[in-house]
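Undergrad: The following block contains the structure, expressed as structure tokens.
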Amino acid sequence: MGIYQSAGGLYGGKPQTQLCVMGFNALGGYVFARMAHNGGYDVCPYSVAAAAGAVYGVITGFFHVILGCLAGFTHYESTNGEYEIRNVFGVARGYNPNWARNVGHGV
């Protein structure tokens, strides 16, 4: 997953997602140290590996949250079913076949 997708892409992201990602980074650090130990290599204590994963998650997560918040500022415009969504990452255009009934919003 690239930084663009994890930040929410064109439609914006949720900062709560990054809290979950930070937890998974900590878990990944622990699993890495555990697998290295099972392979006969003692890289570092498990708690240190988990802490390193969490720190990595905090540092990268901070920037992802900032990008996600920037992506959240979107401008939506619709005329006769043709819609356009703009934010800092770009523009998405499309057609909503249900525009007369106001079902969905082209997203």
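Following the order of the structure tokens, chains are lettered A, B, ..., residues in each are numbered from 1, and ligands are numbered from 1.
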Pick out the residues sitting within 12 Å of Asn25 (chain A), and hand them over as a short mmCIF file (atom, residue, chain, number, x, y, z; two decimals) with all heavy atoms, in the first residue's frame; count only C-alpha atoms, and ignore anything fewer than 6 positions along from it in its own chain.

TA:
```cif
data_model
loop_
_atom_site.label_atom_id
_atom_site.label_comp_id
_atom_site.auth_asym_id
_atom_site.auth_seq_id
_atom_site.Cartn_x
_atom_site.Cartn_y
_atom_site.Cartn_z
N GLN A 18 -5.06 5.09 11.09
CA GLN A 18 -3.63 5.11 11.39
C GLN A 18 -3.34 4.57 12.78
O GLN A 18 -2.28 4.00 13.01
CB GLN A 18 -3.07 6.53 11.23
CG GLN A 18 -3.03 6.98 9.79
CD GLN A 18 -2.30 6.01 8.89
OE1 GLN A 18 -1.26 5.46 9.25
NE2 GLN A 18 -2.84 5.78 7.72
N LEU A 19 -4.26 4.73 13.72
CA LEU A 19 -4.05 4.13 15.04
C LEU A 19 -3.99 2.61 14.93
O LEU A 19 -3.15 1.96 15.57
CB LEU A 19 -5.18 4.55 15.99
CG LEU A 19 -5.21 6.02 16.36
CD1 LEU A 19 -6.43 6.32 17.23
CD2 LEU A 19 -3.94 6.41 17.09
N VAL A 31 6.60 -9.93 15.64
CA VAL A 31 6.61 -11.16 14.83
C VAL A 31 7.95 -11.34 14.15
O VAL A 31 8.48 -12.45 14.07
CB VAL A 31 5.45 -11.14 13.81
CG1 VAL A 31 5.59 -12.25 12.78
CG2 VAL A 31 4.11 -11.25 14.53
N PHE A 32 8.52 -10.24 13.67
CA PHE A 32 9.85 -10.33 13.04
C PHE A 32 10.88 -10.87 14.02
O PHE A 32 11.64 -11.78 13.69
CB PHE A 32 10.28 -8.95 12.52
CG PHE A 32 11.70 -8.92 12.05
CD1 PHE A 32 12.04 -9.44 10.82
CD2 PHE A 32 12.70 -8.38 12.84
CE1 PHE A 32 13.36 -9.43 10.37
CE2 PHE A 32 14.02 -8.36 12.42
CZ PHE A 32 14.35 -8.89 11.18
N ALA A 49 11.60 -4.93 19.79
CA ALA A 49 11.15 -5.00 18.41
C ALA A 49 9.74 -4.42 18.28
O ALA A 49 9.44 -3.69 17.32
CB ALA A 49 11.17 -6.45 17.92
N ALA A 50 8.88 -4.71 19.24
CA ALA A 50 7.52 -4.16 19.21
C ALA A 50 7.56 -2.64 19.36
O ALA A 50 6.82 -1.92 18.68
CB ALA A 50 6.67 -4.79 20.30
N ALA A 51 8.42 -2.15 20.24
CA ALA A 51 8.54 -0.70 20.43
C ALA A 51 9.07 -0.03 19.17
O ALA A 51 8.59 1.05 18.78
CB ALA A 51 9.46 -0.41 21.61
N ALA A 52 10.04 -0.66 18.50
CA ALA A 52 10.57 -0.10 17.25
C ALA A 52 9.48 -0.05 16.19
O ALA A 52 9.37 0.94 15.44
CB ALA A 52 11.75 -0.93 16.77
N GLY A 53 8.67 -1.09 16.11
CA GLY A 53 7.56 -1.09 15.16
C GLY A 53 6.56 0.01 15.48
O GLY A 53 6.04 0.67 14.57
N ALA A 54 6.28 0.21 16.76
CA ALA A 54 5.34 1.26 17.15
C ALA A 54 5.89 2.64 16.83
O ALA A 54 5.15 3.51 16.35
CB ALA A 54 5.02 1.15 18.64
N VAL A 55 7.17 2.86 17.07
CA VAL A 55 7.79 4.15 16.75
C VAL A 55 7.74 4.40 15.25
O VAL A 55 7.41 5.50 14.80
CB VAL A 55 9.24 4.22 17.28
CG1 VAL A 55 9.99 5.41 16.71
CG2 VAL A 55 9.24 4.26 18.80
N TYR A 56 8.04 3.37 14.47
CA TYR A 56 7.93 3.50 13.01
C TYR A 56 6.50 3.87 12.63
O TYR A 56 6.28 4.74 11.78
CB TYR A 56 8.35 2.19 12.34
CG TYR A 56 8.06 2.18 10.86
CD1 TYR A 56 8.91 2.82 9.97
CD2 TYR A 56 6.94 1.54 10.36
CE1 TYR A 56 8.64 2.83 8.61
CE2 TYR A 56 6.66 1.54 9.01
CZ TYR A 56 7.52 2.18 8.14
OH TYR A 56 7.24 2.18 6.80
N GLY A 57 5.53 3.23 13.26
CA GLY A 57 4.12 3.52 12.97
C GLY A 57 3.73 4.94 13.33
O GLY A 57 2.95 5.58 12.63
N VAL A 58 4.28 5.45 14.43
CA VAL A 58 3.98 6.83 14.84
C VAL A 58 4.56 7.82 13.85
O VAL A 58 3.88 8.77 13.42
CB VAL A 58 4.51 7.11 16.26
CG1 VAL A 58 4.49 8.59 16.57
CG2 VAL A 58 3.71 6.34 17.29
N ILE A 59 5.81 7.60 13.45
CA ILE A 59 6.47 8.54 12.54
C ILE A 59 5.78 8.55 11.18
O ILE A 59 5.42 9.62 10.66
CB ILE A 59 7.96 8.20 12.40
CG1 ILE A 59 8.67 8.47 13.73
CG2 ILE A 59 8.61 9.00 11.28
CD1 ILE A 59 10.09 7.96 13.80
N THR A 60 5.57 7.39 10.59
CA THR A 60 4.92 7.36 9.27
C THR A 60 3.45 7.71 9.39
O THR A 60 2.89 8.35 8.50
CB THR A 60 5.08 5.98 8.61
OG1 THR A 60 4.51 4.98 9.44
CG2 THR A 60 6.53 5.68 8.32
N GLY A 61 2.81 7.29 10.48
CA GLY A 61 1.39 7.57 10.67
C GLY A 61 1.10 9.06 10.77
O GLY A 61 0.06 9.52 10.31
#
```

Undergrad: Compile the contact shell of Thr74 (chain A) as a PyMOL selection string: residues with an atom at most 6 Å away, counting only C-alpha atoms, same-chain residues fewer than 2 positions apart removed.

TA: chain A and resi 72+86-87

Undergrad: Just list the residues in region 9-91 of chain A DSSP gives strand (DSSP E) on the backbone, as a PDB file with all heavy atoms, in the first residue's frame.

TA:
```
ATOM      1  N   HIS A  75     -14.005  19.001  -2.942  1.00  0.00           N
ATOM      2  CA  HIS A  75     -15.026  19.835  -3.558  1.00  0.00           C
ATOM      3  C   HIS A  75     -15.811  18.944  -4.503  1.00  0.00           C
ATOM      4  O   HIS A  75     -15.243  18.347  -5.425  1.00  0.00           O
ATOM      5  CB  HIS A  75     -14.371  20.999  -4.312  1.00  0.00           C
ATOM      6  CG  HIS A  75     -15.374  21.873  -4.982  1.00  0.00           C
ATOM      7  ND1 HIS A  75     -15.743  21.695  -6.285  1.00  0.00           N
ATOM      8  CD2 HIS A  75     -16.091  22.929  -4.515  1.00  0.00           C
ATOM      9  CE1 HIS A  75     -16.648  22.595  -6.609  1.00  0.00           C
ATOM     10  NE2 HIS A  75     -16.870  23.366  -5.546  1.00  0.00           N
ATOM     11  N   TYR A  76     -17.113  18.826  -4.269  1.00  0.00           N
ATOM     12  CA  TYR A  76     -17.976  17.955  -5.070  1.00  0.00           C
ATOM     13  C   TYR A  76     -18.933  18.811  -5.877  1.00  0.00           C
ATOM     14  O   TYR A  76     -19.573  19.714  -5.340  1.00  0.00           O
ATOM     15  CB  TYR A  76     -18.761  17.006  -4.147  1.00  0.00           C
ATOM     16  CG  TYR A  76     -19.701  16.080  -4.875  1.00  0.00           C
ATOM     17  CD1 TYR A  76     -19.231  14.920  -5.458  1.00  0.00           C
ATOM     18  CD2 TYR A  76     -21.050  16.380  -4.975  1.00  0.00           C
ATOM     19  CE1 TYR A  76     -20.089  14.065  -6.123  1.00  0.00           C
ATOM     20  CE2 TYR A  76     -21.914  15.540  -5.645  1.00  0.00           C
ATOM     21  CZ  TYR A  76     -21.432  14.377  -6.218  1.00  0.00           C
ATOM     22  OH  TYR A  76     -22.275  13.542  -6.880  1.00  0.00           O
ATOM     23  N   GLU A  77     -19.011  18.531  -7.169  1.00  0.00           N
ATOM     24  CA  GLU A  77     -19.867  19.298  -8.057  1.00  0.00           C
ATOM     25  C   GLU A  77     -20.611  18.321  -8.968  1.00  0.00           C
ATOM     26  O   GLU A  77     -20.002  17.399  -9.503  1.00  0.00           O
ATOM     27  CB  GLU A  77     -18.966  20.209  -8.894  1.00  0.00           C
ATOM     28  CG  GLU A  77     -19.618  21.384  -9.516  1.00  0.00           C
ATOM     29  CD  GLU A  77     -18.556  22.253 -10.181  1.00  0.00           C
ATOM     30  OE1 GLU A  77     -17.764  22.866  -9.451  1.00  0.00           O
ATOM     31  OE2 GLU A  77     -18.537  22.264 -11.411  1.00  0.00           O
ATOM     32  N   SER A  78     -21.911  18.499  -9.123  1.00  0.00           N
ATOM     33  CA  SER A  78     -22.702  17.597  -9.954  1.00  0.00           C
ATOM     34  C   SER A  78     -23.728  18.380 -10.768  1.00  0.00           C
ATOM     35  O   SER A  78     -24.421  19.249 -10.247  1.00  0.00           O
ATOM     36  CB  SER A  78     -23.414  16.574  -9.071  1.00  0.00           C
ATOM     37  OG  SER A  78     -24.213  15.714  -9.844  1.00  0.00           O
ATOM     38  N   THR A  79     -23.813  18.035 -12.061  1.00  0.00           N
ATOM     39  CA  THR A  79     -24.792  18.643 -12.953  1.00  0.00           C
ATOM     40  C   THR A  79     -25.359  17.565 -13.861  1.00  0.00           C
ATOM     41  O   THR A  79     -24.609  16.952 -14.624  1.00  0.00           O
ATOM     42  CB  THR A  79     -24.144  19.745 -13.825  1.00  0.00           C
ATOM     43  OG1 THR A  79     -23.505  20.669 -12.965  1.00  0.00           O
ATOM     44  CG2 THR A  79     -25.183  20.452 -14.666  1.00  0.00           C
ATOM     45  N   GLU A  82     -23.485  14.241 -14.241  1.00  0.00           N
ATOM     46  CA  GLU A  82     -22.038  14.349 -14.421  1.00  0.00           C
ATOM     47  C   GLU A  82     -21.462  14.940 -13.134  1.00  0.00           C
ATOM     48  O   GLU A  82     -21.877  16.004 -12.700  1.00  0.00           O
ATOM     49  CB  GLU A  82     -21.694  15.270 -15.596  1.00  0.00           C
ATOM     50  CG  GLU A  82     -22.208  14.800 -16.927  1.00  0.00           C
ATOM     51  CD  GLU A  82     -21.427  13.635 -17.474  1.00  0.00           C
ATOM     52  OE1 GLU A  82     -20.248  13.467 -17.108  1.00  0.00           O
ATOM     53  OE2 GLU A  82     -22.016  12.868 -18.264  1.00  0.00           O
ATOM     54  N   TYR A  83     -20.521  14.254 -12.528  1.00  0.00           N
ATOM     55  CA  TYR A  83     -19.957  14.768 -11.279  1.00  0.00           C
ATOM     56  C   TYR A  83     -18.450  14.937 -11.390  1.00  0.00           C
ATOM     57  O   TYR A  83     -17.795  14.343 -12.246  1.00  0.00           O
ATOM     58  CB  TYR A  83     -20.304  13.873 -10.091  1.00  0.00           C
ATOM     59  CG  TYR A  83     -19.635  12.520 -10.124  1.00  0.00           C
ATOM     60  CD1 TYR A  83     -18.379  12.344  -9.574  1.00  0.00           C
ATOM     61  CD2 TYR A  83     -20.267  11.431 -10.695  1.00  0.00           C
ATOM     62  CE1 TYR A  83     -17.760  11.116  -9.600  1.00  0.00           C
ATOM     63  CE2 TYR A  83     -19.667  10.197 -10.719  1.00  0.00           C
ATOM     64  CZ  TYR A  83     -18.413  10.039 -10.174  1.00  0.00           C
ATOM     65  OH  TYR A  83     -17.798   8.817 -10.205  1.00  0.00           O
ATOM     66  N   GLU A  84     -17.937  15.769 -10.510  1.00  0.00           N
ATOM     67  CA  GLU A  84     -16.509  16.003 -10.437  1.00  0.00           C
ATOM     68  C   GLU A  84     -16.141  16.184  -8.965  1.00  0.00           C
ATOM     69  O   GLU A  84     -16.800  16.920  -8.239  1.00  0.00           O
ATOM     70  CB  GLU A  84     -16.139  17.254 -11.227  1.00  0.00           C
ATOM     71  CG  GLU A  84     -14.662  17.543 -11.234  1.00  0.00           C
ATOM     72  CD  GLU A  84     -14.324  18.737 -12.109  1.00  0.00           C
ATOM     73  OE1 GLU A  84     -14.311  18.558 -13.339  1.00  0.00           O
ATOM     74  OE2 GLU A  84     -14.099  19.814 -11.547  1.00  0.00           O
ATOM     75  N   ILE A  85     -15.113  15.477  -8.541  1.00  0.00           N
ATOM     76  CA  ILE A  85     -14.609  15.576  -7.169  1.00  0.00           C
ATOM     77  C   ILE A  85     -13.158  16.035  -7.258  1.00  0.00           C
ATOM     78  O   ILE A  85     -12.357  15.428  -7.961  1.00  0.00           O
ATOM     79  CB  ILE A  85     -14.692  14.222  -6.443  1.00  0.00           C
ATOM     80  CG1 ILE A  85     -16.126  13.728  -6.388  1.00  0.00           C
ATOM     81  CG2 ILE A  85     -14.112  14.329  -5.045  1.00  0.00           C
ATOM     82  CD1 ILE A  85     -16.259  12.320  -5.865  1.00  0.00           C
ATOM     83  N   ARG A  86     -12.824  17.104  -6.523  1.00  0.00           N
ATOM     84  CA  ARG A  86     -11.460  17.639  -6.544  1.00  0.00           C
ATOM     85  C   ARG A  86     -10.926  17.736  -5.125  1.00  0.00           C
ATOM     86  O   ARG A  86     -11.639  18.087  -4.201  1.00  0.00           O
ATOM     87  CB  ARG A  86     -11.453  19.034  -7.156  1.00  0.00           C
ATOM     88  CG  ARG A  86     -11.683  19.085  -8.625  1.00  0.00           C
ATOM     89  CD  ARG A  86     -11.434  20.495  -9.163  1.00  0.00           C
ATOM     90  NE  ARG A  86     -12.325  21.471  -8.565  1.00  0.00           N
ATOM     91  CZ  ARG A  86     -13.447  21.896  -9.127  1.00  0.00           C
ATOM     92  NH1 ARG A  86     -13.821  21.412 -10.273  1.00  0.00           N
ATOM     93  NH2 ARG A  86     -14.184  22.803  -8.520  1.00  0.00           N
ATOM     94  N   ASN A  87      -9.648  17.419  -4.984  1.00  0.00           N
ATOM     95  CA  ASN A  87      -8.913  17.687  -3.750  1.00  0.00           C
ATOM     96  C   ASN A  87      -7.441  17.844  -4.095  1.00  0.00           C
ATOM     97  O   ASN A  87      -7.088  17.926  -5.275  1.00  0.00           O
ATOM     98  CB  ASN A  87      -9.173  16.621  -2.677  1.00  0.00           C
ATOM     99  CG  ASN A  87      -8.549  15.290  -2.988  1.00  0.00           C
ATOM    100  OD1 ASN A  87      -7.781  15.145  -3.921  1.00  0.00           O
ATOM    101  ND2 ASN A  87      -8.884  14.296  -2.202  1.00  0.00           N
ATOM    102  N   GLY A  90      -5.959  15.389  -6.762  1.00  0.00           N
ATOM    103  CA  GLY A  90      -6.376  15.356  -8.153  1.00  0.00           C
ATOM    104  C   GLY A  90      -7.873  15.510  -8.327  1.00  0.00           C
ATOM    105  O   GLY A  90      -8.579  15.987  -7.441  1.00  0.00           O
ATOM    106  N   VAL A  91      -8.331  15.063  -9.495  1.00  0.00           N
ATOM    107  CA  VAL A  91      -9.719  15.224  -9.898  1.00  0.00           C
ATOM    108  C   VAL A  91     -10.264  13.871 -10.335  1.00  0.00           C
ATOM    109  O   VAL A  91      -9.588  13.114 -11.019  1.00  0.00           O
ATOM    110  CB  VAL A  91      -9.836  16.224 -11.074  1.00  0.00           C
ATOM    111  CG1 VAL A  91     -11.275  16.350 -11.539  1.00  0.00           C
ATOM    112  CG2 VAL A  91      -9.288  17.581 -10.672  1.00  0.00           C
TER     113      VAL A  91
END
```

Undergrad: Provide the CA of His37 (chain A) to CA of Cys20 (chain A) distance in Å, to one decimal place.

TA: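 Atom-to-atom, CA of His37 (chain A) to CA of Cys20 (chain A), that is 25.9 Å.
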